[in-house]
$ cat input.txt   # compact mmCIF, C-alpha atoms and all ligand atoms
# COMPACT_ATOMS: atom_id res chain seq x y z
CA MET A 1 -22.75 29.16 54.32
CA THR A 2 -19.46 28.03 52.77
CA ALA A 3 -18.86 24.53 51.41
CA THR A 4 -16.65 23.87 54.44
CA ASP A 5 -19.46 24.96 56.78
CA PHE A 6 -21.85 22.64 54.99
CA HIS A 7 -19.46 19.67 55.20
CA THR A 8 -19.05 20.40 58.89
CA PHE A 9 -22.81 20.58 59.34
CA LEU A 10 -23.28 17.20 57.63
CA ARG A 11 -20.44 15.62 59.58
CA THR A 12 -21.68 16.81 62.96
CA ARG A 13 -25.10 15.12 62.74
CA ARG A 14 -25.27 12.30 65.28
CA SER A 15 -27.82 9.66 66.12
CA ILE A 16 -29.31 10.92 69.39
CA ARG A 17 -31.17 8.44 71.58
CA ARG A 18 -31.82 10.44 74.78
CA PHE A 19 -33.93 13.55 74.83
CA LYS A 20 -34.96 16.36 77.15
CA ALA A 21 -38.69 16.43 77.94
CA ASP A 22 -39.05 19.82 76.14
CA LEU A 23 -41.75 19.88 73.49
CA ILE A 24 -40.98 20.66 69.85
CA PRO A 25 -43.22 23.40 68.38
CA ASP A 26 -45.52 22.17 65.57
CA SER A 27 -44.07 24.83 63.23
CA VAL A 28 -40.60 23.28 63.64
CA ILE A 29 -41.93 19.80 62.86
CA GLU A 30 -43.69 21.20 59.77
CA ASP A 31 -40.47 22.87 58.57
CA ILE A 32 -38.56 19.61 59.05
CA LEU A 33 -41.15 17.66 57.07
CA THR A 34 -41.19 20.29 54.32
CA THR A 35 -37.41 20.04 53.97
CA ALA A 36 -37.72 16.23 53.92
CA THR A 37 -40.05 16.52 50.92
CA PHE A 38 -37.39 18.40 48.95
CA ALA A 39 -35.48 15.11 48.65
CA PRO A 40 -35.09 13.68 45.16
CA SER A 41 -37.56 10.90 44.25
CA ALA A 42 -37.93 8.44 41.40
CA HIS A 43 -40.12 9.95 38.61
CA HIS A 44 -40.69 12.77 41.14
CA ARG A 45 -43.59 10.68 42.50
CA GLN A 46 -42.76 11.56 46.14
CA PRO A 47 -43.81 8.17 47.57
CA TRP A 48 -42.95 9.16 51.16
CA ARG A 49 -45.68 9.50 53.77
CA PHE A 50 -45.22 10.61 57.38
CA ALA A 51 -47.24 9.72 60.45
CA VAL A 52 -46.44 12.30 63.15
CA ILE A 53 -47.09 11.29 66.75
CA THR A 54 -46.89 13.75 69.59
CA GLU A 55 -49.53 12.64 72.13
CA SER A 56 -48.54 10.17 74.86
CA SER A 57 -51.62 8.01 74.32
CA THR A 58 -50.79 7.38 70.64
CA LYS A 59 -47.12 6.76 71.50
CA ALA A 60 -48.28 4.19 74.07
CA LYS A 61 -50.60 2.53 71.54
CA LEU A 62 -47.75 2.32 69.03
CA ALA A 63 -45.19 1.12 71.58
CA ASN A 64 -47.58 -1.58 72.89
CA ALA A 65 -48.44 -2.85 69.41
CA MET A 66 -44.79 -2.97 68.32
CA SER A 67 -43.60 -4.57 71.53
CA ARG A 68 -46.19 -7.39 71.34
CA LYS A 69 -44.75 -8.32 67.94
CA PHE A 70 -41.15 -7.87 69.17
CA GLN A 71 -41.82 -10.06 72.20
CA LYS A 72 -43.25 -12.89 70.04
CA GLU A 73 -40.19 -12.79 67.79
CA LEU A 74 -37.78 -12.88 70.74
CA GLU A 75 -39.72 -15.81 72.21
CA ASN A 76 -39.34 -17.62 68.87
CA ASP A 77 -35.60 -16.94 69.13
CA ASN A 78 -35.69 -18.80 72.48
CA LEU A 79 -34.15 -15.94 74.44
CA ALA A 80 -34.29 -16.04 78.25
CA PRO A 81 -37.49 -14.38 79.61
CA GLU A 82 -35.46 -11.73 81.52
CA GLU A 83 -33.56 -10.81 78.36
CA ILE A 84 -36.83 -10.60 76.42
CA SER A 85 -38.45 -8.29 78.95
CA ARG A 86 -35.28 -6.14 79.12
CA ARG A 87 -35.22 -5.66 75.34
CA VAL A 88 -38.97 -5.11 75.05
CA MET A 89 -38.96 -2.55 77.88
CA ARG A 90 -36.02 -0.71 76.33
CA SER A 91 -37.67 -0.46 72.93
CA LYS A 92 -40.96 0.70 74.53
CA ASP A 93 -39.18 3.30 76.67
CA ARG A 94 -37.42 4.76 73.67
CA ILE A 95 -40.74 5.51 71.96
CA LEU A 96 -42.42 6.80 75.12
CA SER A 97 -39.57 9.13 76.05
CA ALA A 98 -39.19 10.79 72.64
CA PRO A 99 -41.10 14.09 72.39
CA VAL A 100 -41.94 13.40 68.73
CA VAL A 101 -42.13 10.11 66.86
CA ILE A 102 -42.39 10.08 63.07
CA ILE A 103 -43.14 6.94 61.09
CA LEU A 104 -41.90 7.06 57.51
CA CYS A 105 -44.03 5.05 55.10
CA VAL A 106 -43.79 4.30 51.42
CA ASP A 107 -46.88 4.50 49.22
CA MET A 108 -46.65 2.56 45.95
CA SER A 109 -50.00 3.69 44.58
CA GLU A 110 -48.55 6.38 42.27
CA MET A 111 -45.47 4.42 41.21
CA ASP A 112 -45.28 2.64 37.83
CA LYS A 113 -47.03 -0.73 37.61
CA TYR A 114 -45.39 -3.75 35.98
CA PRO A 115 -46.71 -7.26 35.40
CA ASP A 116 -43.34 -8.98 36.04
CA ARG A 117 -41.55 -9.53 39.36
CA HIS A 118 -38.21 -8.18 38.21
CA ARG A 119 -39.46 -4.69 37.32
CA LYS A 120 -41.97 -4.65 40.19
CA LYS A 121 -39.07 -5.23 42.58
CA ALA A 122 -36.95 -2.50 40.93
CA GLU A 123 -39.85 -0.05 41.18
CA PHE A 124 -40.37 -0.90 44.86
CA ILE A 125 -36.67 -0.43 45.56
CA MET A 126 -36.81 2.95 43.78
CA ALA A 127 -39.73 4.01 45.95
CA THR A 128 -38.03 2.92 49.18
CA GLN A 129 -34.77 4.60 48.11
CA SER A 130 -36.78 7.79 47.52
CA ALA A 131 -38.45 7.51 50.92
CA ALA A 132 -35.04 6.92 52.52
CA ASN A 133 -33.77 10.13 50.90
CA ALA A 134 -36.60 11.98 52.61
CA GLY A 135 -35.62 10.23 55.85
CA VAL A 136 -32.05 11.50 55.61
CA GLN A 137 -33.23 15.04 54.85
CA LEU A 138 -35.52 14.81 57.87
CA LEU A 139 -32.54 13.91 60.11
CA LEU A 140 -30.48 16.76 58.66
CA ALA A 141 -33.32 19.28 58.98
CA ALA A 142 -33.74 18.22 62.62
CA HIS A 143 -29.98 18.75 63.09
CA ALA A 144 -30.31 22.24 61.57
CA GLU A 145 -33.01 23.00 64.18
CA GLY A 146 -30.70 21.93 67.04
CA LEU A 147 -32.77 18.79 67.56
CA GLY A 148 -31.47 15.29 68.06
CA SER A 149 -32.91 12.39 66.13
CA VAL A 150 -32.31 8.75 65.39
CA TRP A 151 -33.42 6.44 62.61
CA VAL A 152 -35.01 3.27 64.03
CA CYS A 153 -35.69 0.27 61.80
CA SER A 154 -38.18 -1.59 64.04
CA PRO A 155 -41.37 -0.63 62.08
CA LEU A 156 -40.04 -2.75 59.21
CA PHE A 157 -40.37 -5.78 61.50
CA ALA A 158 -43.88 -4.86 62.63
CA GLN A 159 -45.49 -3.21 59.61
CA ASP A 160 -49.03 -4.53 60.21
CA ALA A 161 -48.93 -3.69 63.91
CA VAL A 162 -47.80 -0.11 63.19
CA GLN A 163 -50.37 0.36 60.45
CA LYS A 164 -53.18 -0.89 62.66
CA ALA A 165 -52.12 0.99 65.82
CA LEU A 166 -52.02 4.30 63.93
CA SER A 167 -55.01 3.58 61.63
CA LEU A 168 -52.83 4.40 58.61
CA PRO A 169 -54.25 4.27 55.08
CA GLU A 170 -53.72 0.76 53.71
CA THR A 171 -51.37 1.98 50.96
CA TRP A 172 -48.96 3.40 53.58
CA GLU A 173 -46.26 0.77 54.26
CA PRO A 174 -44.22 1.59 57.37
CA GLN A 175 -40.47 1.64 56.66
CA ALA A 176 -38.76 3.46 59.49
CA MET A 177 -39.26 5.45 62.66
CA TYR A 178 -37.57 8.70 63.69
CA LEU A 179 -37.38 9.74 67.33
CA LEU A 180 -36.89 13.48 67.78
CA GLY A 181 -36.24 15.77 70.69
CA TYR A 182 -33.75 18.22 72.13
CA PRO A 183 -30.63 16.20 72.97
CA THR A 184 -29.41 15.62 76.52
CA GLU A 185 -25.90 15.08 75.17
CA ILE A 186 -24.09 14.93 71.84
CA PRO A 187 -22.11 11.71 71.47
CA GLN A 188 -18.71 11.45 69.77
CA ALA A 189 -18.78 10.68 66.05
CA ARG A 190 -18.62 6.98 65.24
CA GLU A 191 -15.60 5.97 63.22
CA ARG A 192 -16.06 5.85 59.46
CA LYS A 193 -14.52 3.44 56.96
CA SER A 194 -11.86 5.15 54.86
CA ILE A 195 -12.65 6.30 51.33
CA LYS A 196 -10.14 3.72 50.17
CA GLU A 197 -12.21 0.92 51.73
CA VAL A 198 -15.53 2.02 50.29
CA SER A 199 -14.65 3.28 46.83
CA LYS A 200 -13.12 1.98 43.65
CA TRP A 201 -11.79 4.57 41.22
CA SER A 202 -11.46 3.89 37.51
CA GLN A 203 -7.98 5.38 37.64
CA THR A 204 -5.74 5.82 40.63
CA SER A 205 -6.38 9.19 42.13
CA PRO A 206 -3.32 10.87 43.64
CA ASP A 207 -5.35 11.65 46.79
CA VAL A 208 -6.85 8.23 47.48
C1 LIG B 301 -31.55 2.12 57.91
C2 LIG B 301 -31.07 2.49 59.29
C3 LIG B 301 -31.57 1.79 60.37
C4 LIG B 301 -31.18 2.13 61.68
N1 LIG B 301 -31.76 1.48 62.73
C5 LIG B 301 -31.44 1.84 63.98
C6 LIG B 301 -32.12 1.26 65.09
O1 LIG B 301 -33.03 0.42 64.92
N2 LIG B 301 -31.77 1.64 66.33
C7 LIG B 301 -30.80 2.60 66.54
O2 LIG B 301 -30.53 2.92 67.70
N3 LIG B 301 -30.13 3.18 65.52
C8 LIG B 301 -30.44 2.83 64.25
N4 LIG B 301 -29.83 3.46 63.19
C9 LIG B 301 -28.80 4.49 63.45
C10 LIG B 301 -27.40 3.94 63.24
O3 LIG B 301 -27.06 3.06 64.27
C11 LIG B 301 -26.41 5.12 63.17
O4 LIG B 301 -26.74 5.94 62.07
C12 LIG B 301 -24.97 4.65 63.04
O5 LIG B 301 -24.57 3.95 64.17
C13 LIG B 301 -23.98 5.82 62.83
O6 LIG B 301 -24.08 6.74 63.88
P1 LIG B 301 -24.43 8.28 63.59
O7 LIG B 301 -25.80 8.33 62.98
O8 LIG B 301 -24.40 8.96 64.92
O9 LIG B 301 -23.41 8.82 62.65
C14 LIG B 301 -30.21 3.15 61.89
C15 LIG B 301 -29.71 3.84 60.78
C16 LIG B 301 -30.15 3.53 59.50
C17 LIG B 301 -29.64 4.33 58.33

$ encode --input "input.txt" --output "structure tokens"
Amino acid sequence: MTATDFHTFLRTRRSIRRFKADLIPDSVIEDILTTATFAPSAHHRQPWRFAVITESSTKAKLANAMSRKFQKELENDNLAPEEISRRVMRSKDRILSAPVVIILCVDMSEMDKYPDRHRKKAEFIMATQSAANAGVQLLLAAHAEGLGSVWVCSPLFAQDAVQKALSLPETWEPQAMYLLGYPTEIPQARERKSIKEVSKWSQTSPDV
């Protein structure tokens, strides 16, 4: 693979939110997770953990637990009941219609321990950055397999509900959810900010 091929590969990954019903072989999921674990991590402690859900009954348990929490929050926001049920149904449907759901968790138990808040916070950020790296590699590995996937942030808003629904070890803190399946369509790339907007060079580059 040339550098150009690799840039093209990276630039053609899309967030995919609609999937065919086709199942994903376990060996493919294992390969994707293995590639995810080749991500760099702080102190090489590999604080990522993955809960892999393929059976409908567990997806339903997860979707119900998350949507109860979601519903309560929308009620607190004083949204109209029809709008609440529309949003809750949509979020439930997304989980139920994905062939594979993976919850990414962070586990702090092997990270450094500090007595003060400042360093504790930095260590936690390092662990979540490391887990996020694994999340990105997971999306790219899925792309390499011809699968579609999307990063969903909702577990962050329902960490206890997710942990309980999936009986996760108590050190596993849910951070994100990935929905995976064979795509029904590949959407257009979303526009990106220019390099000029998102970078500051110490000296003016002729190209930027
Ligand atoms: C931290 C994070 C959280 C995200 N949360 C959601 C989400 O909750 N729902 C969703 O549909 N997409 C979510 N996305 C996907 C983004 O919307 C998507 O990456 C962005 O629109 C760019 O599109 P692309 O991935 O196709 O390039 C999330 C992405 C990241 C990195």

$ atom_distance --input "input.txt" --atom1 "CA of Trp172 (chain A)" --atom2 "CA of Glu55 (chain A)"
20.7 Å

$ residues_near_ligand --input "input.txt" --ligand "ligand LIG 301 (chain B)" --cutoff "12 Å" --atoms "all atoms listed in the file" --output "ChimeraX atom specification"
/A:10-18,90-91,94-95,104,128-129,131-137,139-140,143,148-157,175-179,186-193

$ closest_residue --input "input.txt" --among "A:Ala158, A:Leu96, A:Val106, A:Leu23" --to "Glu73 (chain A)" --atoms "all atoms listed in the file"
A:Ala158

$ atom_distance --input "input.txt" --atom1 "CA of Phe50 (chain A)" --atom2 "CA of His7 (chain A)"
27.4 Å

$ residues_around --input "input.txt" --residues "Val88 (chain A)" --least-positions-apart "2" --cutoff "8 Å" --atoms "all atoms listed in the file" --output "VMD selection string"
chain A and resid 67 70 to 71 84 to 86 90 to 92

$ write_last_selection --input "input.txt" --atoms "C-alpha atoms" --output "mmCIF file, in the frame of the given file"
data_model
loop_
_atom_site.group_PDB
_atom_site.id
_atom_site.type_symbol
_atom_site.label_atom_id
_atom_site.label_comp_id
_atom_site.auth_asym_id
_atom_site.auth_seq_id
_atom_site.Cartn_x
_atom_site.Cartn_y
_atom_site.Cartn_z
ATOM 1 C CA SER A 67 -43.600 -4.570 71.530
ATOM 2 C CA PHE A 70 -41.150 -7.870 69.170
ATOM 3 C CA GLN A 71 -41.820 -10.060 72.200
ATOM 4 C CA ILE A 84 -36.830 -10.600 76.420
ATOM 5 C CA SER A 85 -38.450 -8.290 78.950
ATOM 6 C CA ARG A 86 -35.280 -6.140 79.120
ATOM 7 C CA ARG A 90 -36.020 -0.710 76.330
ATOM 8 C CA SER A 91 -37.670 -0.460 72.930
ATOM 9 C CA LYS A 92 -40.960 0.700 74.530
#

$ atom_distance --input "input.txt" --atom1 "CA of His44 (chain A)" --atom2 "CA of Leu138 (chain A)"
17.6 Å

$ closest_residue --input "input.txt" --among "A:Ser109, A:Leu168, A:Leu74, A:Ala63" --to "Met89 (chain A)" --atoms "all atoms listed in the file"
A:Ala63

$ closest_residue --input "input.txt" --among "A:Leu147, A:Leu79, A:Ile195, A:Ala142" --to "Thr34 (chain A)" --atoms "all atoms listed in the file"
A:Ala142

$ residues_near_point --input "input.txt" --point "(-43.9, 4.2, 64.9)" --cutoff "7 Å" --atoms "only C-alpha atoms" --output "ChimeraX atom specification"
/A:62,101-103,155,162,177

$ closest_residue --input "input.txt" --among "A:Gly181, A:Ala42, A:Gln163, A:Lys69" --to "Glu110 (chain A)" --atoms "only C-alpha atoms"
A:Ala42

$ axis_aligned_box --input "input.txt" --around "region 131-150 of chain A" --padding-each-side "4 Å" --output "AutoDock Vina command-line options"
--center_x -34.2 --center_y 15.0 --center_z 59.5 --size_x 16.5 --size_y 24.1 --size_z 25.2

$ residues_near_point --input "input.txt" --point "(-38.4, -0.5, 45.1)" --cutoff "12 Å" --atoms "all atoms listed in the file" --output "list of chain:residue names"
A:Ser41, A:Ala42, A:Pro47, A:Val106, A:Asp107, A:Met108, A:Met111, A:Asp112, A:Lys113, A:Tyr114, A:Arg117, A:His118, A:Arg119, A:Lys120, A:Lys121, A:Ala122, A:Glu123, A:Phe124, A:Ile125, A:Met126, A:Ala127, A:Thr128, A:Gln129, A:Ser130, A:Ala131, A:Ala132, A:Gln175

$ closest_residue --input "input.txt" --among "A:Ser27, A:Val52, A:Pro99, A:Phe9" --to "Pro183 (chain A)" --atoms "all atoms listed in the file"
A:Pro99

$ closest_residue --input "input.txt" --among "A:Ala165, A:Ala80, A:Ala141, A:Ile24" --to "Arg68 (chain A)" --atoms "only C-alpha atoms"
A:Ala165

$ build_atoms --input "input.txt" --residues "region 1-20 of chain A" --atoms "N, CA and C atoms" --output "CSV table (one decimal), keeping the file's coordinate frame"
chain,number,residue,atom,x,y,z
A,1,MET,N,-23.4,30.3,53.8
A,1,MET,CA,-22.8,29.2,54.3
A,1,MET,C,-21.7,28.7,53.3
A,2,THR,N,-20.5,28.5,53.7
A,2,THR,CA,-19.5,28.0,52.8
A,2,THR,C,-19.6,26.5,52.6
A,3,ALA,N,-18.9,26.0,51.6
A,3,ALA,CA,-18.9,24.5,51.4
A,3,ALA,C,-18.3,23.9,52.7
A,4,THR,N,-17.3,24.5,53.2
A,4,THR,CA,-16.6,23.9,54.4
A,4,THR,C,-17.7,23.8,55.6
A,5,ASP,N,-18.4,24.9,55.7
A,5,ASP,CA,-19.5,25.0,56.8
A,5,ASP,C,-20.5,23.8,56.6
A,6,PHE,N,-20.8,23.6,55.3
A,6,PHE,CA,-21.8,22.6,55.0
A,6,PHE,C,-21.3,21.2,55.3
A,7,HIS,N,-20.1,21.0,54.9
A,7,HIS,CA,-19.5,19.7,55.2
A,7,HIS,C,-19.4,19.5,56.7
A,8,THR,N,-19.1,20.5,57.4
A,8,THR,CA,-19.0,20.4,58.9
A,8,THR,C,-20.4,20.1,59.4
A,9,PHE,N,-21.4,20.8,58.9
A,9,PHE,CA,-22.8,20.6,59.3
A,9,PHE,C,-23.2,19.1,59.1
A,10,LEU,N,-22.9,18.6,57.9
A,10,LEU,CA,-23.3,17.2,57.6
A,10,LEU,C,-22.5,16.2,58.5
A,11,ARG,N,-21.3,16.6,58.8
A,11,ARG,CA,-20.4,15.6,59.6
A,11,ARG,C,-20.7,15.7,61.1
A,12,THR,N,-21.4,16.7,61.5
A,12,THR,CA,-21.7,16.8,63.0
A,12,THR,C,-23.1,16.3,63.3
A,13,ARG,N,-23.8,15.8,62.4
A,13,ARG,CA,-25.1,15.1,62.7
A,13,ARG,C,-24.7,13.8,63.5
A,14,ARG,N,-25.5,13.6,64.5
A,14,ARG,CA,-25.3,12.3,65.3
A,14,ARG,C,-26.6,11.6,65.5
A,15,SER,N,-26.6,10.3,65.7
A,15,SER,CA,-27.8,9.7,66.1
A,15,SER,C,-28.0,9.9,67.6
A,16,ILE,N,-29.1,10.5,68.0
A,16,ILE,CA,-29.3,10.9,69.4
A,16,ILE,C,-30.4,10.0,69.9
A,17,ARG,N,-30.2,9.4,71.1
A,17,ARG,CA,-31.2,8.4,71.6
A,17,ARG,C,-31.7,8.8,72.9
A,18,ARG,N,-31.3,9.9,73.5
A,18,ARG,CA,-31.8,10.4,74.8
A,18,ARG,C,-32.2,11.9,74.6
A,19,PHE,N,-33.4,12.2,75.1
A,19,PHE,CA,-33.9,13.6,74.8
A,19,PHE,C,-34.4,14.2,76.1
A,20,LYS,N,-34.3,15.6,76.1
A,20,LYS,CA,-35.0,16.4,77.2
A,20,LYS,C,-36.5,16.2,77.0
